[in-house]
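Colleague: I have a structure I would like to understand better, so I am pasting it below and will then ask my questions one at a time.
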Amino acid sequence: RGGRGEEVMKTYRCSSLPLLCECPQAGFVPDGPTIEPVREDARLGQAIHEIVSRSVKGLDLDPETVAMNHGIPAGDLRELIGLALYRWKQIQERFPEPESELALEAEYDGWTLTGHIDIASIVGNQGRLADLKSGYQDPSWYRPQMIGYAALLYDYGGIETVDATIVPLHGRDVRYLISMGDVQRFFDDFGVNVIEADPATAPYKPGNHCQFCQRRLTCPAVQDMARDGIASLALVLAPGSDGAADRNTIAANAGRMYAQVKMIESLCESFREAVKSLIIDNGPIPTSEGKELRIVPIQKSIIDPLAAWPVLQAALTDEELAACITVSKPDVVKAVRAKADGKKKDAEELILNQLKQAHAITVESVEQVREVNAKENGDE
């Protein structure tokens, strides 16, 4: 089924449910190839999941091999390992005899639901699951994904309630108690709005979620918005007689066009990701005569602080050495919390107070343009 040569999906991953709930058109496979972009943050997230899975299973963490398997620098992975394992330890007691990367599948009326649950336990008649998130997406975005996992656990058998926890590495846990009724209501709506949707009439709902859609480079709604945005941008920025864009014209259109410009920026980034993916799969892409796009390794030297410390101390004064070093507050807090034997929060507050008393912490103000609620005051 499907107009314009499109087919409706028959298998849905739980991780795709948030996007499908935002835009039903994301549930149709376009007539022609789709491009899966190379997302460095997604690769890092997958590597973090594997590290935690290895920890749950009692296996050697082996970060170098994990990083190589996912095509990311080992240094980037090592920076997050401590935080990921700390977050797992915070919830570990709620997951007796845990299973990691639990692959489940359920057959329904003409379609299939699949999912890989990061951590799962069955405690009496309650199913418990935890899903680690390494990015900064609003946790509420993932609620449909949690309901999907809950449906799979109910199908697993012997479950009366499901306790689902979203575990952001950079934020607070969000827990959902999901009943069978919640699951049934969700998939009743999902069936009408997505599974039974007609591609000729289903609404397009472009927005920030388009970054997760394989169709975003071919989506007609995104293309129409991009064309309008680029045309408007060219008009607004057209130089006047003095060679500069008219500030009054920019002011009159800034509010209307701000979201469009952000979308165009996102499309440009998506295009670069798609090009990188094509080069990785098919090799260099010709551009102008005698030139081509290819993956070029960039070498950068990294100084090991521990090995370099005595050498630098002998060559530089304390003041000269301090000018070469940047101390990350989050990294300091993470290291102190990992080392603390007692209450980690107390240890964090102690070191920060000591640094403040030593006048080692200064607060810099950075001005950014952000879209906020009209009632908010920039002076607050």
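For the structure tokens, the naming scheme is as follows: chains receive sequential letters (A, B, ...) according to their order of presentation, residues are indexed from 1 within each chain, and ligands are indexed from 1 in presentation order.
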Mind checking DSSP for range 71-299 of chain A and telling me the alpha helix (DSSP H) residues as a short mmCIF file (atom, residue, chain, number, x, y, z; two decimals) with N, CA and C atoms, in the first residue's frame?

Modeller:
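New file states_5.cif:
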data_model
loop_
_atom_site.label_atom_id
_atom_site.label_comp_id
_atom_site.auth_asym_id
_atom_site.auth_seq_id
_atom_site.Cartn_x
_atom_site.Cartn_y
_atom_site.Cartn_z
N ALA A 74 39.43 6.50 20.70
CA ALA A 74 39.37 5.87 22.02
C ALA A 74 39.34 6.92 23.12
N GLY A 75 39.98 8.08 22.89
CA GLY A 75 39.99 9.14 23.89
C GLY A 75 38.60 9.68 24.16
N ASP A 76 37.78 9.83 23.08
CA ASP A 76 36.40 10.32 23.25
C ASP A 76 35.59 9.36 24.10
N LEU A 77 35.81 8.05 23.89
CA LEU A 77 35.06 7.05 24.65
C LEU A 77 35.51 7.01 26.11
N ARG A 78 36.82 7.08 26.34
CA ARG A 78 37.34 7.01 27.71
C ARG A 78 36.80 8.15 28.57
N GLU A 79 36.55 9.31 27.95
CA GLU A 79 36.05 10.46 28.71
C GLU A 79 34.68 10.20 29.32
N LEU A 80 33.89 9.31 28.69
CA LEU A 80 32.53 9.07 29.16
C LEU A 80 32.35 7.75 29.90
N ILE A 81 33.37 6.88 29.87
CA ILE A 81 33.22 5.56 30.49
C ILE A 81 32.93 5.68 31.98
N GLY A 82 33.71 6.51 32.68
CA GLY A 82 33.53 6.66 34.12
C GLY A 82 32.13 7.14 34.46
N LEU A 83 31.64 8.11 33.68
CA LEU A 83 30.30 8.66 33.93
C LEU A 83 29.23 7.60 33.66
N ALA A 84 29.38 6.85 32.57
CA ALA A 84 28.39 5.83 32.22
C ALA A 84 28.33 4.74 33.28
N LEU A 85 29.49 4.27 33.74
CA LEU A 85 29.51 3.22 34.76
C LEU A 85 29.00 3.74 36.10
N TYR A 86 29.28 5.00 36.40
CA TYR A 86 28.75 5.61 37.62
C TYR A 86 27.23 5.67 37.58
N ARG A 87 26.67 6.05 36.42
CA ARG A 87 25.21 6.11 36.31
C ARG A 87 24.59 4.73 36.44
N TRP A 88 25.27 3.70 35.92
CA TRP A 88 24.77 2.34 36.06
C TRP A 88 24.78 1.91 37.54
N LYS A 89 25.85 2.23 38.24
CA LYS A 89 25.94 1.85 39.66
C LYS A 89 24.87 2.54 40.50
N GLN A 90 24.45 3.73 40.08
CA GLN A 90 23.41 4.44 40.82
C GLN A 90 22.08 3.70 40.82
N ILE A 91 21.81 2.94 39.77
CA ILE A 91 20.51 2.26 39.65
C ILE A 91 20.64 0.74 39.77
N ARG A 143 9.51 8.89 25.62
CA ARG A 143 8.41 8.15 26.25
C ARG A 143 7.79 7.11 25.32
N PRO A 144 7.52 7.41 24.03
CA PRO A 144 6.99 6.37 23.15
C PRO A 144 7.92 5.16 23.04
N GLN A 145 9.22 5.40 23.06
CA GLN A 145 10.17 4.29 23.02
C GLN A 145 10.03 3.41 24.25
N MET A 146 9.85 4.03 25.42
CA MET A 146 9.68 3.26 26.65
C MET A 146 8.38 2.44 26.62
N ILE A 147 7.32 3.01 26.04
CA ILE A 147 6.06 2.27 25.93
C ILE A 147 6.24 1.08 25.00
N GLY A 148 7.02 1.27 23.94
CA GLY A 148 7.31 0.15 23.06
C GLY A 148 8.05 -0.97 23.78
N TYR A 149 9.06 -0.61 24.56
CA TYR A 149 9.79 -1.62 25.34
C TYR A 149 8.84 -2.32 26.33
N ALA A 150 7.95 -1.53 26.94
CA ALA A 150 7.00 -2.11 27.89
C ALA A 150 6.10 -3.13 27.18
N ALA A 151 5.66 -2.81 25.96
CA ALA A 151 4.83 -3.74 25.20
C ALA A 151 5.57 -5.05 24.96
N LEU A 152 6.87 -4.96 24.66
CA LEU A 152 7.66 -6.16 24.42
C LEU A 152 7.81 -6.99 25.70
N LEU A 153 7.97 -6.31 26.84
CA LEU A 153 8.08 -7.04 28.11
C LEU A 153 6.76 -7.69 28.47
N TYR A 154 5.65 -7.01 28.24
CA TYR A 154 4.34 -7.64 28.49
C TYR A 154 4.17 -8.88 27.61
N ASP A 155 4.60 -8.77 26.36
CA ASP A 155 4.51 -9.91 25.46
C ASP A 155 5.43 -11.05 25.90
N TYR A 156 6.49 -10.69 26.60
CA TYR A 156 7.47 -11.65 27.11
C TYR A 156 6.80 -12.64 28.06
N MET A 180 -0.51 -2.01 31.27
CA MET A 180 -0.97 -2.60 30.01
C MET A 180 -1.98 -1.68 29.34
N GLY A 181 -2.80 -0.99 30.15
CA GLY A 181 -3.73 -0.02 29.59
C GLY A 181 -3.03 1.10 28.85
N ASP A 182 -1.91 1.60 29.41
CA ASP A 182 -1.13 2.64 28.74
C ASP A 182 -0.64 2.16 27.38
N VAL A 183 -0.17 0.91 27.35
CA VAL A 183 0.33 0.33 26.10
C VAL A 183 -0.79 0.21 25.08
N GLN A 184 -1.95 -0.28 25.51
CA GLN A 184 -3.06 -0.46 24.58
C GLN A 184 -3.54 0.86 24.01
N ARG A 185 -3.65 1.89 24.87
CA ARG A 185 -4.10 3.20 24.39
C ARG A 185 -3.10 3.80 23.40
N PHE A 186 -1.82 3.64 23.72
CA PHE A 186 -0.78 4.19 22.83
C PHE A 186 -0.85 3.55 21.45
N PHE A 187 -0.93 2.22 21.41
CA PHE A 187 -0.89 1.55 20.11
C PHE A 187 -2.22 1.61 19.37
N ASP A 188 -3.32 1.88 20.09
CA ASP A 188 -4.57 2.19 19.40
C ASP A 188 -4.40 3.46 18.57
N ASP A 189 -3.83 4.49 19.20
CA ASP A 189 -3.58 5.76 18.49
C ASP A 189 -2.52 5.58 17.41
N PHE A 190 -1.48 4.82 17.72
CA PHE A 190 -0.38 4.59 16.78
C PHE A 190 -0.90 3.87 15.53
N PRO A 220 9.29 16.21 0.89
CA PRO A 220 8.76 17.39 0.18
C PRO A 220 8.45 18.56 1.09
N ALA A 221 8.02 18.28 2.34
CA ALA A 221 7.71 19.38 3.26
C ALA A 221 8.98 20.13 3.63
N VAL A 222 10.04 19.39 3.91
CA VAL A 222 11.32 20.02 4.25
C VAL A 222 11.86 20.77 3.04
N GLN A 223 11.73 20.17 1.85
CA GLN A 223 12.22 20.84 0.64
C GLN A 223 11.48 22.16 0.38
N ASP A 224 10.15 22.14 0.56
CA ASP A 224 9.37 23.37 0.35
C ASP A 224 9.78 24.45 1.35
N MET A 225 9.95 24.05 2.61
CA MET A 225 10.36 25.02 3.63
C MET A 225 11.75 25.55 3.34
N ALA A 226 12.63 24.66 2.88
CA ALA A 226 14.00 25.09 2.58
C ALA A 226 14.02 26.07 1.40
N ARG A 227 13.25 25.76 0.35
CA ARG A 227 13.20 26.67 -0.80
C ARG A 227 12.71 28.05 -0.39
N ASP A 228 11.62 28.06 0.38
CA ASP A 228 11.07 29.33 0.83
C ASP A 228 12.06 30.07 1.71
N GLY A 229 12.72 29.31 2.59
CA GLY A 229 13.68 29.94 3.50
C GLY A 229 14.88 30.52 2.78
N ILE A 230 15.42 29.77 1.80
CA ILE A 230 16.58 30.26 1.05
C ILE A 230 16.21 31.47 0.20
N ALA A 231 15.03 31.41 -0.43
CA ALA A 231 14.60 32.55 -1.23
C ALA A 231 14.40 33.79 -0.36
N SER A 232 13.78 33.59 0.81
CA SER A 232 13.57 34.72 1.72
C SER A 232 14.89 35.25 2.24
N LEU A 233 15.82 34.35 2.52
CA LEU A 233 17.13 34.76 3.03
C LEU A 233 17.86 35.61 2.00
N ALA A 234 17.79 35.19 0.74
CA ALA A 234 18.45 35.96 -0.31
C ALA A 234 17.86 37.36 -0.44
N LEU A 235 16.53 37.46 -0.29
CA LEU A 235 15.89 38.78 -0.39
C LEU A 235 16.23 39.66 0.80
N VAL A 236 16.18 39.06 1.99
CA VAL A 236 16.43 39.84 3.21
C VAL A 236 17.86 40.34 3.26
N ARG A 247 19.24 46.82 7.64
CA ARG A 247 18.96 46.34 9.01
C ARG A 247 17.45 46.33 9.29
N ASN A 248 16.72 47.28 8.75
CA ASN A 248 15.27 47.32 8.98
C ASN A 248 14.58 46.10 8.34
N THR A 249 15.07 45.69 7.16
CA THR A 249 14.51 44.51 6.49
C THR A 249 14.80 43.26 7.30
N ILE A 250 16.02 43.16 7.83
CA ILE A 250 16.37 42.01 8.68
C ILE A 250 15.50 41.99 9.92
N ALA A 251 15.33 43.14 10.55
CA ALA A 251 14.52 43.22 11.77
C ALA A 251 13.08 42.82 11.52
N ALA A 252 12.54 43.21 10.37
CA ALA A 252 11.14 42.90 10.05
C ALA A 252 10.92 41.42 9.80
N ASN A 253 11.97 40.69 9.42
CA ASN A 253 11.82 39.28 9.04
C ASN A 253 12.49 38.30 10.00
N ALA A 254 13.25 38.82 10.97
CA ALA A 254 14.05 37.94 11.84
C ALA A 254 13.19 36.92 12.58
N GLY A 255 12.09 37.38 13.19
CA GLY A 255 11.26 36.46 13.96
C GLY A 255 10.66 35.36 13.11
N ARG A 256 10.18 35.73 11.91
CA ARG A 256 9.55 34.76 11.02
C ARG A 256 10.55 33.75 10.47
N MET A 257 11.78 34.21 10.22
CA MET A 257 12.73 33.38 9.50
C MET A 257 13.72 32.63 10.38
N TYR A 258 13.72 32.92 11.67
CA TYR A 258 14.76 32.34 12.53
C TYR A 258 14.72 30.81 12.49
N ALA A 259 13.53 30.23 12.63
CA ALA A 259 13.40 28.77 12.62
C ALA A 259 13.77 28.20 11.25
N GLN A 260 13.42 28.92 10.18
CA GLN A 260 13.76 28.46 8.83
C GLN A 260 15.27 28.38 8.63
N VAL A 261 15.98 29.38 9.12
CA VAL A 261 17.43 29.40 8.96
C VAL A 261 18.06 28.24 9.74
N LYS A 262 17.54 27.96 10.94
CA LYS A 262 18.05 26.82 11.70
C LYS A 262 17.83 25.52 10.94
N MET A 263 16.67 25.41 10.28
CA MET A 263 16.39 24.20 9.51
C MET A 263 17.35 24.07 8.33
N ILE A 264 17.63 25.19 7.66
CA ILE A 264 18.56 25.17 6.53
C ILE A 264 19.95 24.75 7.00
N GLU A 265 20.37 25.27 8.15
CA GLU A 265 21.65 24.86 8.71
C GLU A 265 21.68 23.36 8.98
N SER A 266 20.56 22.84 9.50
CA SER A 266 20.48 21.40 9.77
C SER A 266 20.55 20.60 8.49
N LEU A 267 19.90 21.09 7.42
CA LEU A 267 19.95 20.39 6.14
C LEU A 267 21.37 20.37 5.58
N CYS A 268 22.08 21.47 5.73
CA CYS A 268 23.47 21.53 5.26
C CYS A 268 24.32 20.50 6.00
N GLU A 269 24.12 20.40 7.31
CA GLU A 269 24.87 19.42 8.09
C GLU A 269 24.48 18.00 7.68
N SER A 270 23.18 17.78 7.44
CA SER A 270 22.72 16.46 6.99
C SER A 270 23.35 16.10 5.64
N PHE A 271 23.46 17.08 4.76
CA PHE A 271 24.07 16.84 3.46
C PHE A 271 25.53 16.42 3.62
N ARG A 272 26.26 17.11 4.49
CA ARG A 272 27.67 16.76 4.71
C ARG A 272 27.78 15.34 5.29
N GLU A 273 26.87 14.99 6.21
CA GLU A 273 26.87 13.64 6.78
C GLU A 273 26.59 12.60 5.70
N ALA A 274 25.61 12.91 4.80
CA ALA A 274 25.26 11.98 3.73
C ALA A 274 26.43 11.79 2.77
N VAL A 275 27.12 12.87 2.44
CA VAL A 275 28.28 12.78 1.55
C VAL A 275 29.36 11.91 2.19
N LYS A 276 29.60 12.10 3.47
CA LYS A 276 30.60 11.29 4.15
C LYS A 276 30.22 9.82 4.11
N SER A 277 28.93 9.53 4.33
CA SER A 277 28.46 8.15 4.29
C SER A 277 28.67 7.54 2.91
N LEU A 278 28.37 8.31 1.85
CA LEU A 278 28.56 7.81 0.49
C LEU A 278 30.03 7.54 0.18
N ILE A 279 30.91 8.42 0.63
CA ILE A 279 32.34 8.23 0.39
C ILE A 279 32.83 6.98 1.10
N ILE A 280 32.38 6.79 2.35
CA ILE A 280 32.78 5.59 3.10
C ILE A 280 32.33 4.33 2.38
N ASP A 281 31.11 4.36 1.82
CA ASP A 281 30.55 3.16 1.18
C ASP A 281 31.08 2.95 -0.24
N ASN A 282 31.24 4.05 -1.01
CA ASN A 282 31.50 3.90 -2.45
C ASN A 282 32.81 4.51 -2.93
#

Colleague: Just want the 8 Å neighbourhood of Ala47 in chain A, counted on only C-alpha atoms, with same-chain residues fewer than 2 positions away dropped. Output as a list in words.

Modeller: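 The filter keeps Arg43, Leu44, Gly45, His49, Glu50, Ile51, Val66, Ala67, His70 and Leu77 of chain A.
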
Colleague: Report as a list in words all protein, DNA and RNA residues lying within 12 Å of range 92-97 of chain A, evaluated on only C-alpha atoms, omitting residues in the same chain fewer than 4 positions from it.

Modeller: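 Within the cut-off, the hits are Val52, Ser55, Val56, Lys57, Gly58, Leu85, Tyr86, Arg87, Trp88, Asp118, Ile119, Ala120, Ser121, Ile122, Val123, Gly124, Gln126, Gly127, Arg128, Leu129, Ala130, Asp163, Ala164, Thr165 and Val167 of chain A.
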
Colleague: For range 11-27 of chain A, find every residue with an atom within 7 Å (counting only C-alpha atoms), except residues of its own chain fewer than 5 positions away, and show them as a PyMOL selection string.

Modeller: chain A and resi 111-115+141-142+144-145+148-149+193-194+199+202-205+209+213+215

Colleague: Can you work out the spacing between CA of Asp173 in chain A and CA of Ser140 in chain A in Å, to one decimal?

Modeller: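 Straight-line distance from CA of Asp173 in chain A to CA of Ser140 in chain A works out to 11.0 Å.
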
Colleague: Would you kindly return, as a list in words, each protein, DNA or RNA residue with an atom no farther than 12 Å from any atom of range 355-361 of chain A, considering only C-alpha atoms and excluding same-chain residues fewer than 3 positions away?

Modeller: Ala322, Thr326, Val327, Ser328, Lys329, Val332, Val333, Glu348, Glu349, Leu350, Ile351, Leu352 and Glu364 of chain A

Colleague: Dump C-alpha atoms for the selected residues as a short mmCIF file (atom, residue, chain, number, x, y, z; two decimals), in the first residue's frame?

Modeller:
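Final output, part07.cif:
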data_model
loop_
_atom_site.label_atom_id
_atom_site.label_comp_id
_atom_site.auth_asym_id
_atom_site.auth_seq_id
_atom_site.Cartn_x
_atom_site.Cartn_y
_atom_site.Cartn_z
CA ALA A 322 49.08 27.66 33.81
CA THR A 326 42.59 24.37 30.79
CA VAL A 327 40.93 22.59 33.73
CA SER A 328 37.46 21.23 33.02
CA LYS A 329 35.04 21.69 35.92
CA VAL A 332 37.12 17.59 38.08
CA VAL A 333 33.70 16.90 39.58
CA GLU A 348 31.76 17.49 45.13
CA GLU A 349 30.55 20.42 47.25
CA LEU A 350 33.75 20.33 49.34
CA ILE A 351 36.13 20.55 46.38
CA LEU A 352 34.10 23.30 44.72
CA GLU A 364 32.24 34.30 32.53
#
